[in-house]
Amino acid sequence: MGRKRTPRAGALLQTSCLPLLLLLPLFIAVTPEGATVEVRVQVLDINDHAPAFPRPHGALRVPENTPSGSRFPLEPAFDADGGALGTQGYLDPERYFAIDAATGVIRLNRGLDYELRKVHELVVQARDRALHPEVSTAFVTIQVRDYNDNQPTMTIIFLSEDGSPRVSEGAQPGQFVARISVSDPDYGEYANVNVSLEGGEGKFALTTKDSIIYLICVDQMLDREERDAYSLRVTATDAGTPPLRAESAFVLRVTDVNDNPPLFDTQEYEQSVPEVVYPGSFVLQVTARDKDQGPNGEVRYSLLHTQETHSHWFAIDAATGIITTASALDYEVDPQPQLTVLATDRGTPPLSSTALVRVALQDVNDNEPLFESSFYNVSLKEDTLPGTCFLQVSECARPWPALGQGRTSSHFCWVRGLAGLWREP
């Protein structure tokens with residue numbers, strides 16, 4: 001750097017670049033004898049430098065649970081120009097972040113969500129304040145770090161015909177009851193979900209092949225008559241710290257199958273009835289109970305009719321089991337008719353059982369004596385002595401005992417005559 005004196009003009013000429021100094025002192029000789037004079041030259045800055053970042057690319061890792069307002073320092077841009085020309089400005093197009101233009105500090109402007117967006121590309125600009133500003137750009141990649149902020153999701157589909165939580169009591173071990181699908185919006189180890197099953201008294205088990213789809217299956221034979229409902233709880237737990245979980249509790253109903261026949265209170269009934277009663281008279285009521293449910297447990301009654309047992313003398317109400325007389329009874333024909341009652345449920349296929357009813361008829365005097373013959377003809381000698389037996393009459397043989405536990409006493413008399421005879425053998 002140097003200055004030459006121009007004898008005629010007396011001007012100073014710049015022969016090399018000047019540093020940016022506010023004041024440059026110069027010493028100039030003005031006489032042959034070497035006298036000098038000091039000249040101070042003020043150097044004025046011009047905007048000849050653009051702002052520059054230390055690195056064109058920067059990176060930050062920010063946890064997704066970082067609260068809004070958190071601050072992250074950014075290496076500031078440098079401008080070789082001085083004064084107001086060195087002021088920096090920054091630009092964040094997406095406004096997730098706010099940047100202090102003076103300090104270069106990045107501030108989180110709103111909450112982050114790793115599941116919504118994993119990476120944010122932040123464009124940072126530095127510009128000076130000249131009339132025609134110089135601009136430089138840097139890129140900051142902000143990687144959002146996952147946090148276990150999402151609990152597992154669980155969907156249960158029951159495999160019954162109507163999609164309700166129920167299982168047939170006839171289901172065999174290994175038969176599937178419900179399908180469970182699980183997922184976790186988090187990533188990495190946070191997305192690993194374990195599913196467990198509680199309750200059910202050991203009657204049910206949980207199985208899976210891929211830890212995504214789980215199946216509830218029957219593990220032991222069921223009996224609705226023993227227990228008709230089980231409380232189950234399914235829990236899905238992720239591998240986060242602390243772990244998050246989702247739970248679903250439900251009652252699994254055991255539906256009936258027709259595996260029990262109706263059973264009578266007793267296998268034999270006995271009843272005593274007068275032989276002379278009106279049709280429709282009450283005899284007795286039988287009762288059968290079925291442990292099954294619904295139509296499988298509804299009992300209907302009927303009589304098994306046979307000619308030998310004279311069951312046609314009686315009728316039974318199909319719903320109540322009340323037995324009544326259907327026609328006239330006859331002790332002399334059958335003193336103890338027997339009925340076979342059939343109880344049948346309404347299952348498919350139906351099940352049934354039988355009971356025996358013995359009806360003892362009480363005899364009444366409803367039959368007049370009968371002679372073996374309706375006409376007798378006897379010839380007597382006129383000198384027959386009084387007291388001579390000339391004829392013996394008797395009742396006809398009957399296939400039933402007479403009234404009075406087998407007594408065969410009868411009364412004989414003349415229909416027309418002067419004398420009468422009483423005989424009691």
# chains A, B, ... in the order shown; residues from 1 in each chain; ligands from 1
>>> residues_around(residues="His305 of chain A", least_positions_apart="2", cutoff="10 Å", atoms="only C-alpha atoms", output="list of chain:residue names")
A:Ser302, A:Leu303, A:Gln307, A:Glu308, A:Thr309, A:His310, A:Ser311, A:His312, A:Trp313, A:Phe314, A:Ala315, A:Leu339, A:Thr340, A:Val341
>>> write_last_selection(atoms="N, CA and C atoms", output="PDB file, in the first residue's frame")
ATOM      1  N   SER A 302     -96.925 -85.759  26.854  1.00  0.00           N
ATOM      2  CA  SER A 302     -97.857 -86.563  26.059  1.00  0.00           C
ATOM      3  C   SER A 302     -97.950 -87.948  26.684  1.00  0.00           C
ATOM      4  N   LEU A 303     -99.002 -88.702  26.300  1.00  0.00           N
ATOM      5  CA  LEU A 303     -99.203 -90.069  26.778  1.00  0.00           C
ATOM      6  C   LEU A 303     -98.876 -91.041  25.663  1.00  0.00           C
ATOM      7  N   GLN A 307    -103.572-100.060  23.855  1.00  0.00           N
ATOM      8  CA  GLN A 307    -104.894-100.604  24.135  1.00  0.00           C
ATOM      9  C   GLN A 307    -104.875-101.459  25.397  1.00  0.00           C
ATOM     10  N   GLU A 308    -103.755-102.121  25.659  1.00  0.00           N
ATOM     11  CA  GLU A 308    -103.684-103.031  26.798  1.00  0.00           C
ATOM     12  C   GLU A 308    -103.747-102.294  28.127  1.00  0.00           C
ATOM     13  N   THR A 309    -103.211-101.079  28.180  1.00  0.00           N
ATOM     14  CA  THR A 309    -103.167-100.349  29.452  1.00  0.00           C
ATOM     15  C   THR A 309    -104.353 -99.408  29.623  1.00  0.00           C
ATOM     16  N   HIS A 310    -105.236 -99.333  28.636  1.00  0.00           N
ATOM     17  CA  HIS A 310    -106.407 -98.449  28.698  1.00  0.00           C
ATOM     18  C   HIS A 310    -106.021 -96.993  28.963  1.00  0.00           C
ATOM     19  N   SER A 311    -104.876 -96.573  28.389  1.00  0.00           N
ATOM     20  CA  SER A 311    -104.437 -95.186  28.569  1.00  0.00           C
ATOM     21  C   SER A 311    -105.357 -94.204  27.856  1.00  0.00           C
ATOM     22  N   HIS A 312    -106.195 -94.733  26.937  1.00  0.00           N
ATOM     23  CA  HIS A 312    -107.110 -93.831  26.231  1.00  0.00           C
ATOM     24  C   HIS A 312    -108.204 -93.306  27.156  1.00  0.00           C
ATOM     25  N   TRP A 313    -108.301 -93.876  28.355  1.00  0.00           N
ATOM     26  CA  TRP A 313    -109.252 -93.334  29.319  1.00  0.00           C
ATOM     27  C   TRP A 313    -108.811 -91.962  29.846  1.00  0.00           C
ATOM     28  N   PHE A 314    -107.581 -91.596  29.587  1.00  0.00           N
ATOM     29  CA  PHE A 314    -107.008 -90.399  30.206  1.00  0.00           C
ATOM     30  C   PHE A 314    -106.440 -89.462  29.134  1.00  0.00           C
ATOM     31  N   ALA A 315    -106.265 -88.223  29.538  1.00  0.00           N
ATOM     32  CA  ALA A 315    -105.640 -87.206  28.678  1.00  0.00           C
ATOM     33  C   ALA A 315    -104.668 -86.391  29.532  1.00  0.00           C
ATOM     34  N   LEU A 339    -100.264 -95.681  32.995  1.00  0.00           N
ATOM     35  CA  LEU A 339    -100.001 -94.703  31.941  1.00  0.00           C
ATOM     36  C   LEU A 339     -98.495 -94.488  31.823  1.00  0.00           C
ATOM     37  N   THR A 340     -98.034 -94.330  30.600  1.00  0.00           N
ATOM     38  CA  THR A 340     -96.644 -93.941  30.353  1.00  0.00           C
ATOM     39  C   THR A 340     -96.647 -92.509  29.832  1.00  0.00           C
ATOM     40  N   VAL A 341     -96.063 -91.602  30.637  1.00  0.00           N
ATOM     41  CA  VAL A 341     -96.022 -90.183  30.277  1.00  0.00           C
ATOM     42  C   VAL A 341     -94.667 -89.894  29.631  1.00  0.00           C
TER      43      VAL A 341
END
>>> residues_around(residues="Glu225 of chain A", least_positions_apart="2", cutoff="8 Å", atoms="only C-alpha atoms", output="number ranges by chain")
A: 223, 227-228, 291-292
>>> residues_around(residues="segment 143-159 of chain A", least_positions_apart="6", cutoff="9 Å", atoms="only C-alpha atoms", output="ChimeraX atom specification")
/A:59-65,112-115,117-121,165-167,176-188,190-191,193,235-248
>>> write_last_selection(atoms="N, CA and C atoms", output="short mmCIF file (atom, residue, chain, number, x, y, z; two decimals), in the first residue's frame")
data_model
loop_
_atom_site.label_atom_id
_atom_site.label_comp_id
_atom_site.auth_asym_id
_atom_site.auth_seq_id
_atom_site.Cartn_x
_atom_site.Cartn_y
_atom_site.Cartn_z
N ALA A 59 -27.81 -29.66 11.89
CA ALA A 59 -28.74 -30.72 12.30
C ALA A 59 -29.01 -30.62 13.79
N LEU A 60 -30.27 -30.89 14.15
CA LEU A 60 -30.69 -30.95 15.54
C LEU A 60 -31.55 -32.20 15.74
N ARG A 61 -31.51 -32.79 16.94
CA ARG A 61 -32.40 -33.88 17.32
C ARG A 61 -33.22 -33.39 18.50
N VAL A 62 -34.53 -33.37 18.31
CA VAL A 62 -35.42 -32.81 19.31
C VAL A 62 -36.45 -33.87 19.69
N PRO A 63 -36.60 -34.23 20.96
CA PRO A 63 -37.64 -35.17 21.37
C PRO A 63 -39.03 -34.61 21.09
N GLU A 64 -39.95 -35.48 20.70
CA GLU A 64 -41.28 -35.00 20.33
C GLU A 64 -42.06 -34.46 21.52
N ASN A 65 -41.65 -34.83 22.72
CA ASN A 65 -42.35 -34.32 23.90
C ASN A 65 -41.74 -33.03 24.44
N LEU A 112 -44.48 -30.80 18.64
CA LEU A 112 -44.06 -31.73 17.60
C LEU A 112 -44.79 -33.06 17.78
N ASP A 113 -44.88 -33.81 16.70
CA ASP A 113 -45.50 -35.14 16.74
C ASP A 113 -44.72 -36.06 15.81
N TYR A 114 -43.99 -36.98 16.41
CA TYR A 114 -43.15 -37.89 15.62
C TYR A 114 -44.00 -38.72 14.67
N GLU A 115 -45.18 -39.12 15.13
CA GLU A 115 -46.03 -39.96 14.29
C GLU A 115 -46.61 -39.18 13.12
N ARG A 117 -44.95 -36.25 11.78
CA ARG A 117 -43.82 -35.84 10.94
C ARG A 117 -42.53 -36.08 11.69
N LYS A 118 -41.64 -36.82 11.06
CA LYS A 118 -40.41 -37.23 11.71
C LYS A 118 -39.27 -36.25 11.49
N VAL A 119 -39.28 -35.52 10.37
CA VAL A 119 -38.17 -34.63 10.02
C VAL A 119 -38.73 -33.27 9.58
N HIS A 120 -38.12 -32.22 10.07
CA HIS A 120 -38.45 -30.86 9.65
C HIS A 120 -37.21 -30.25 9.00
N GLU A 121 -37.39 -29.72 7.80
CA GLU A 121 -36.30 -29.04 7.10
C GLU A 121 -36.51 -27.54 7.28
N PRO A 165 -70.26 -61.17 22.28
CA PRO A 165 -69.34 -62.00 23.06
C PRO A 165 -70.03 -63.23 23.65
N ARG A 166 -70.09 -64.29 22.90
CA ARG A 166 -70.70 -65.52 23.37
C ARG A 166 -70.04 -66.71 22.70
N VAL A 167 -70.18 -67.87 23.35
CA VAL A 167 -69.60 -69.11 22.85
C VAL A 167 -70.53 -70.25 23.22
N PHE A 176 -61.86 -71.20 18.24
CA PHE A 176 -61.61 -69.77 18.44
C PHE A 176 -62.89 -69.06 18.86
N VAL A 177 -62.71 -68.12 19.78
CA VAL A 177 -63.83 -67.34 20.31
C VAL A 177 -63.77 -65.90 19.83
N ALA A 178 -62.57 -65.30 19.80
CA ALA A 178 -62.42 -63.89 19.43
C ALA A 178 -61.07 -63.68 18.77
N ARG A 179 -61.02 -62.64 17.91
CA ARG A 179 -59.79 -62.24 17.21
C ARG A 179 -59.40 -60.85 17.70
N ILE A 180 -58.14 -60.70 18.12
CA ILE A 180 -57.66 -59.43 18.66
C ILE A 180 -56.51 -58.93 17.79
N SER A 181 -56.62 -57.72 17.27
CA SER A 181 -55.52 -57.10 16.52
C SER A 181 -55.02 -55.90 17.33
N VAL A 182 -53.68 -55.79 17.44
CA VAL A 182 -53.08 -54.72 18.23
C VAL A 182 -52.09 -53.94 17.38
N SER A 183 -51.93 -52.67 17.70
CA SER A 183 -50.94 -51.82 17.03
C SER A 183 -50.57 -50.69 17.98
N ASP A 184 -49.44 -50.04 17.69
CA ASP A 184 -48.99 -48.90 18.47
C ASP A 184 -48.43 -47.87 17.50
N PRO A 185 -48.96 -46.64 17.50
CA PRO A 185 -48.46 -45.62 16.56
C PRO A 185 -47.00 -45.25 16.77
N ASP A 186 -46.46 -45.55 17.95
CA ASP A 186 -45.05 -45.25 18.18
C ASP A 186 -44.17 -46.18 17.34
N TYR A 187 -42.84 -45.88 17.36
CA TYR A 187 -41.91 -46.62 16.52
C TYR A 187 -40.86 -47.31 17.38
N GLY A 188 -40.14 -48.21 16.71
CA GLY A 188 -39.06 -48.90 17.39
C GLY A 188 -39.57 -49.78 18.50
N TYR A 190 -40.88 -48.96 21.15
CA TYR A 190 -42.14 -48.49 21.70
C TYR A 190 -43.34 -49.14 21.01
N ALA A 191 -43.13 -49.64 19.81
CA ALA A 191 -44.22 -50.24 19.05
C ALA A 191 -44.40 -51.72 19.35
N VAL A 193 -45.74 -54.66 21.28
CA VAL A 193 -46.90 -54.78 22.16
C VAL A 193 -47.05 -56.22 22.61
N THR A 235 -55.40 -57.21 28.06
CA THR A 235 -54.52 -56.05 28.28
C THR A 235 -53.40 -56.05 27.25
N ALA A 236 -53.24 -54.92 26.55
CA ALA A 236 -52.14 -54.74 25.59
C ALA A 236 -51.16 -53.74 26.19
N THR A 237 -49.88 -54.13 26.33
CA THR A 237 -48.86 -53.30 26.97
C THR A 237 -47.68 -53.12 26.03
N ASP A 238 -47.25 -51.85 25.82
CA ASP A 238 -46.09 -51.63 24.95
C ASP A 238 -44.79 -51.73 25.76
N ALA A 239 -43.65 -51.56 25.05
CA ALA A 239 -42.34 -51.75 25.68
C ALA A 239 -41.70 -50.44 26.09
N GLY A 240 -42.49 -49.38 26.19
CA GLY A 240 -41.93 -48.09 26.57
C GLY A 240 -41.57 -48.04 28.05
N THR A 241 -40.91 -46.94 28.43
CA THR A 241 -40.55 -46.70 29.83
C THR A 241 -40.99 -45.30 30.21
N PRO A 242 -42.06 -45.13 30.98
CA PRO A 242 -42.88 -46.23 31.50
C PRO A 242 -43.78 -46.81 30.41
N PRO A 243 -44.22 -48.06 30.57
CA PRO A 243 -45.06 -48.66 29.54
C PRO A 243 -46.47 -48.08 29.55
N LEU A 244 -47.07 -48.05 28.38
CA LEU A 244 -48.47 -47.64 28.24
C LEU A 244 -49.28 -48.88 27.90
N ARG A 245 -50.55 -48.87 28.30
CA ARG A 245 -51.37 -50.06 28.08
C ARG A 245 -52.79 -49.67 27.71
N ALA A 246 -53.45 -50.61 27.06
CA ALA A 246 -54.87 -50.49 26.75
C ALA A 246 -55.56 -51.75 27.26
N GLU A 247 -56.76 -51.58 27.81
CA GLU A 247 -57.48 -52.71 28.39
C GLU A 247 -58.88 -52.79 27.82
N SER A 248 -59.39 -54.01 27.76
CA SER A 248 -60.77 -54.24 27.35
C SER A 248 -61.33 -55.38 28.19
#
>>> select_by_dssp(residues="segment 172-282 of chain A", states="strand (DSSP E or B)", output="CSV table (one decimal) with N, CA and C atoms, in the first residue's frame")
chain,number,residue,atom,x,y,z
A,176,PHE,N,-61.9,-71.2,18.2
A,176,PHE,CA,-61.6,-69.8,18.4
A,176,PHE,C,-62.9,-69.1,18.9
A,177,VAL,N,-62.7,-68.1,19.8
A,177,VAL,CA,-63.8,-67.3,20.3
A,177,VAL,C,-63.8,-65.9,19.8
A,178,ALA,N,-62.6,-65.3,19.8
A,178,ALA,CA,-62.4,-63.9,19.4
A,178,ALA,C,-61.1,-63.7,18.8
A,179,ARG,N,-61.0,-62.6,17.9
A,179,ARG,CA,-59.8,-62.2,17.2
A,179,ARG,C,-59.4,-60.9,17.7
A,180,ILE,N,-58.1,-60.7,18.1
A,180,ILE,CA,-57.7,-59.4,18.7
A,180,ILE,C,-56.5,-58.9,17.8
A,181,SER,N,-56.6,-57.7,17.3
A,181,SER,CA,-55.5,-57.1,16.5
A,181,SER,C,-55.0,-55.9,17.3
A,182,VAL,N,-53.7,-55.8,17.4
A,182,VAL,CA,-53.1,-54.7,18.2
A,182,VAL,C,-52.1,-53.9,17.4
A,183,SER,N,-51.9,-52.7,17.7
A,183,SER,CA,-50.9,-51.8,17.0
A,183,SER,C,-50.6,-50.7,18.0
A,193,VAL,N,-45.7,-54.7,21.3
A,193,VAL,CA,-46.9,-54.8,22.2
A,193,VAL,C,-47.1,-56.2,22.6
A,194,ASN,N,-47.3,-56.4,23.9
A,194,ASN,CA,-47.5,-57.7,24.5
A,194,ASN,C,-49.0,-57.7,24.9
A,195,VAL,N,-49.7,-58.8,24.6
A,195,VAL,CA,-51.1,-59.0,25.0
A,195,VAL,C,-51.3,-60.1,26.0
A,196,SER,N,-52.0,-59.9,27.1
A,196,SER,CA,-52.3,-60.9,28.1
A,196,SER,C,-53.8,-61.0,28.3
A,197,LEU,N,-54.2,-62.2,28.8
A,197,LEU,CA,-55.6,-62.5,29.1
A,197,LEU,C,-55.7,-62.9,30.6
A,198,GLU,N,-56.7,-62.3,31.2
A,198,GLU,CA,-57.0,-62.5,32.6
A,198,GLU,C,-58.5,-63.0,32.7
A,199,GLY,N,-58.8,-63.8,33.8
A,199,GLY,CA,-60.1,-64.3,34.0
A,199,GLY,C,-60.4,-65.6,33.2
A,204,PHE,N,-60.3,-70.6,29.1
A,204,PHE,CA,-59.9,-69.9,27.8
A,204,PHE,C,-58.4,-69.6,27.8
A,205,ALA,N,-57.8,-69.6,26.6
A,205,ALA,CA,-56.4,-69.3,26.4
A,205,ALA,C,-56.2,-68.3,25.3
A,206,LEU,N,-55.0,-67.7,25.3
A,206,LEU,CA,-54.6,-66.7,24.3
A,206,LEU,C,-53.5,-67.3,23.4
A,207,THR,N,-53.6,-67.1,22.1
A,207,THR,CA,-52.5,-67.6,21.2
A,207,THR,C,-52.2,-66.6,20.1
A,208,THR,N,-51.0,-66.6,19.6
A,208,THR,CA,-50.6,-65.7,18.5
A,208,THR,C,-49.4,-66.3,17.8
A,213,ILE,N,-51.7,-60.3,15.6
A,213,ILE,CA,-53.0,-60.9,15.7
A,213,ILE,C,-53.0,-62.0,16.8
A,214,TYR,N,-53.9,-61.8,17.7
A,214,TYR,CA,-54.0,-62.7,18.8
A,214,TYR,C,-55.4,-63.4,18.7
A,215,LEU,N,-55.5,-64.6,19.2
A,215,LEU,CA,-56.8,-65.3,19.2
A,215,LEU,C,-57.1,-65.9,20.6
A,216,ILE,N,-58.4,-65.7,21.0
A,216,ILE,CA,-58.8,-66.3,22.2
A,216,ILE,C,-59.5,-67.6,21.8
A,217,CYS,N,-59.1,-68.7,22.5
A,217,CYS,CA,-59.7,-70.0,22.1
A,217,CYS,C,-60.2,-70.7,23.4
A,218,VAL,N,-61.0,-71.7,23.2
A,218,VAL,CA,-61.5,-72.5,24.3
A,218,VAL,C,-60.4,-73.4,24.7
A,229,ALA,N,-71.6,-67.7,32.2
A,229,ALA,CA,-70.9,-66.5,31.8
A,229,ALA,C,-69.5,-66.5,32.5
A,230,TYR,N,-68.5,-65.9,31.8
A,230,TYR,CA,-67.2,-65.7,32.3
A,230,TYR,C,-66.7,-64.3,32.0
A,231,SER,N,-66.1,-63.7,33.0
A,231,SER,CA,-65.5,-62.3,32.9
A,231,SER,C,-64.1,-62.4,32.5
A,232,LEU,N,-63.8,-61.7,31.3
A,232,LEU,CA,-62.4,-61.7,30.8
A,232,LEU,C,-61.9,-60.3,30.7
A,233,ARG,N,-60.6,-60.2,30.7
A,233,ARG,CA,-59.9,-58.9,30.6
A,233,ARG,C,-58.7,-59.1,29.7
A,234,VAL,N,-58.7,-58.3,28.6
A,234,VAL,CA,-57.5,-58.4,27.7
A,234,VAL,C,-56.7,-57.1,27.9
A,235,THR,N,-55.4,-57.2,28.1
A,235,THR,CA,-54.5,-56.1,28.3
A,235,THR,C,-53.4,-56.1,27.2
A,236,ALA,N,-53.2,-54.9,26.5
A,236,ALA,CA,-52.1,-54.7,25.6
A,236,ALA,C,-51.2,-53.7,26.2
A,237,THR,N,-49.9,-54.1,26.3
A,237,THR,CA,-48.9,-53.3,27.0
A,237,THR,C,-47.7,-53.1,26.0
A,238,ASP,N,-47.2,-51.8,25.8
A,238,ASP,CA,-46.1,-51.6,24.9
A,238,ASP,C,-44.8,-51.7,25.8
A,245,ARG,N,-50.5,-48.9,28.3
A,245,ARG,CA,-51.4,-50.1,28.1
A,245,ARG,C,-52.8,-49.7,27.7
A,246,ALA,N,-53.4,-50.6,27.1
A,246,ALA,CA,-54.9,-50.5,26.7
A,246,ALA,C,-55.6,-51.7,27.3
A,247,GLU,N,-56.8,-51.6,27.8
A,247,GLU,CA,-57.5,-52.7,28.4
A,247,GLU,C,-58.9,-52.8,27.8
A,248,SER,N,-59.4,-54.0,27.8
A,248,SER,CA,-60.8,-54.2,27.4
A,248,SER,C,-61.3,-55.4,28.2
A,249,ALA,N,-62.4,-55.1,28.9
A,249,ALA,CA,-63.0,-56.1,29.8
A,249,ALA,C,-64.4,-56.4,29.2
A,250,PHE,N,-64.8,-57.7,29.2
A,250,PHE,CA,-66.1,-58.1,28.7
A,250,PHE,C,-66.6,-59.3,29.3
A,251,VAL,N,-67.8,-59.6,29.2
A,251,VAL,CA,-68.4,-60.9,29.8
A,251,VAL,C,-68.8,-61.8,28.6
A,252,LEU,N,-68.2,-63.0,28.6
A,252,LEU,CA,-68.4,-63.9,27.6
A,252,LEU,C,-69.5,-64.9,28.0
A,253,ARG,N,-70.6,-64.8,27.3
A,253,ARG,CA,-71.8,-65.7,27.6
A,253,ARG,C,-71.6,-67.0,27.0
A,254,VAL,N,-72.1,-68.1,27.7
A,254,VAL,CA,-72.0,-69.4,27.2
A,254,VAL,C,-73.5,-69.8,26.8
A,255,THR,N,-73.6,-70.0,25.5
A,255,THR,CA,-75.0,-70.4,25.0
A,255,THR,C,-75.2,-71.8,25.1
A,263,LEU,N,-86.2,-84.4,33.0
A,263,LEU,CA,-86.2,-85.4,34.0
A,263,LEU,C,-87.4,-85.2,34.9
A,264,PHE,N,-88.2,-86.3,35.2
A,264,PHE,CA,-89.3,-86.2,36.1
A,264,PHE,C,-88.9,-86.1,37.5
A,268,GLU,N,-92.0,-92.9,39.1
A,268,GLU,CA,-93.3,-93.6,39.2
A,268,GLU,C,-94.2,-92.8,40.0
A,269,TYR,N,-95.5,-92.6,39.5
A,269,TYR,CA,-96.5,-91.9,40.2
A,269,TYR,C,-97.6,-92.9,40.5
A,270,GLU,N,-98.3,-92.6,41.7
A,270,GLU,CA,-99.5,-93.4,42.0
A,270,GLU,C,-100.6,-92.5,42.5
A,271,GLN,N,-101.8,-92.9,42.0
A,271,GLN,CA,-103.0,-92.1,42.4
A,271,GLN,C,-104.2,-93.0,42.4
A,272,SER,N,-105.1,-92.6,43.4
A,272,SER,CA,-106.4,-93.4,43.5
A,272,SER,C,-107.5,-92.5,43.0
A,273,VAL,N,-108.4,-93.1,42.2
A,273,VAL,CA,-109.5,-92.3,41.6
A,273,VAL,C,-110.8,-93.2,41.6
A,274,PRO,N,-112.0,-92.6,42.0
A,274,PRO,CA,-113.2,-93.4,41.9
A,274,PRO,C,-113.5,-93.8,40.4
A,282,PHE,N,-109.9,-84.2,37.4
A,282,PHE,CA,-108.5,-84.2,37.7
A,282,PHE,C,-108.0,-85.5,38.2
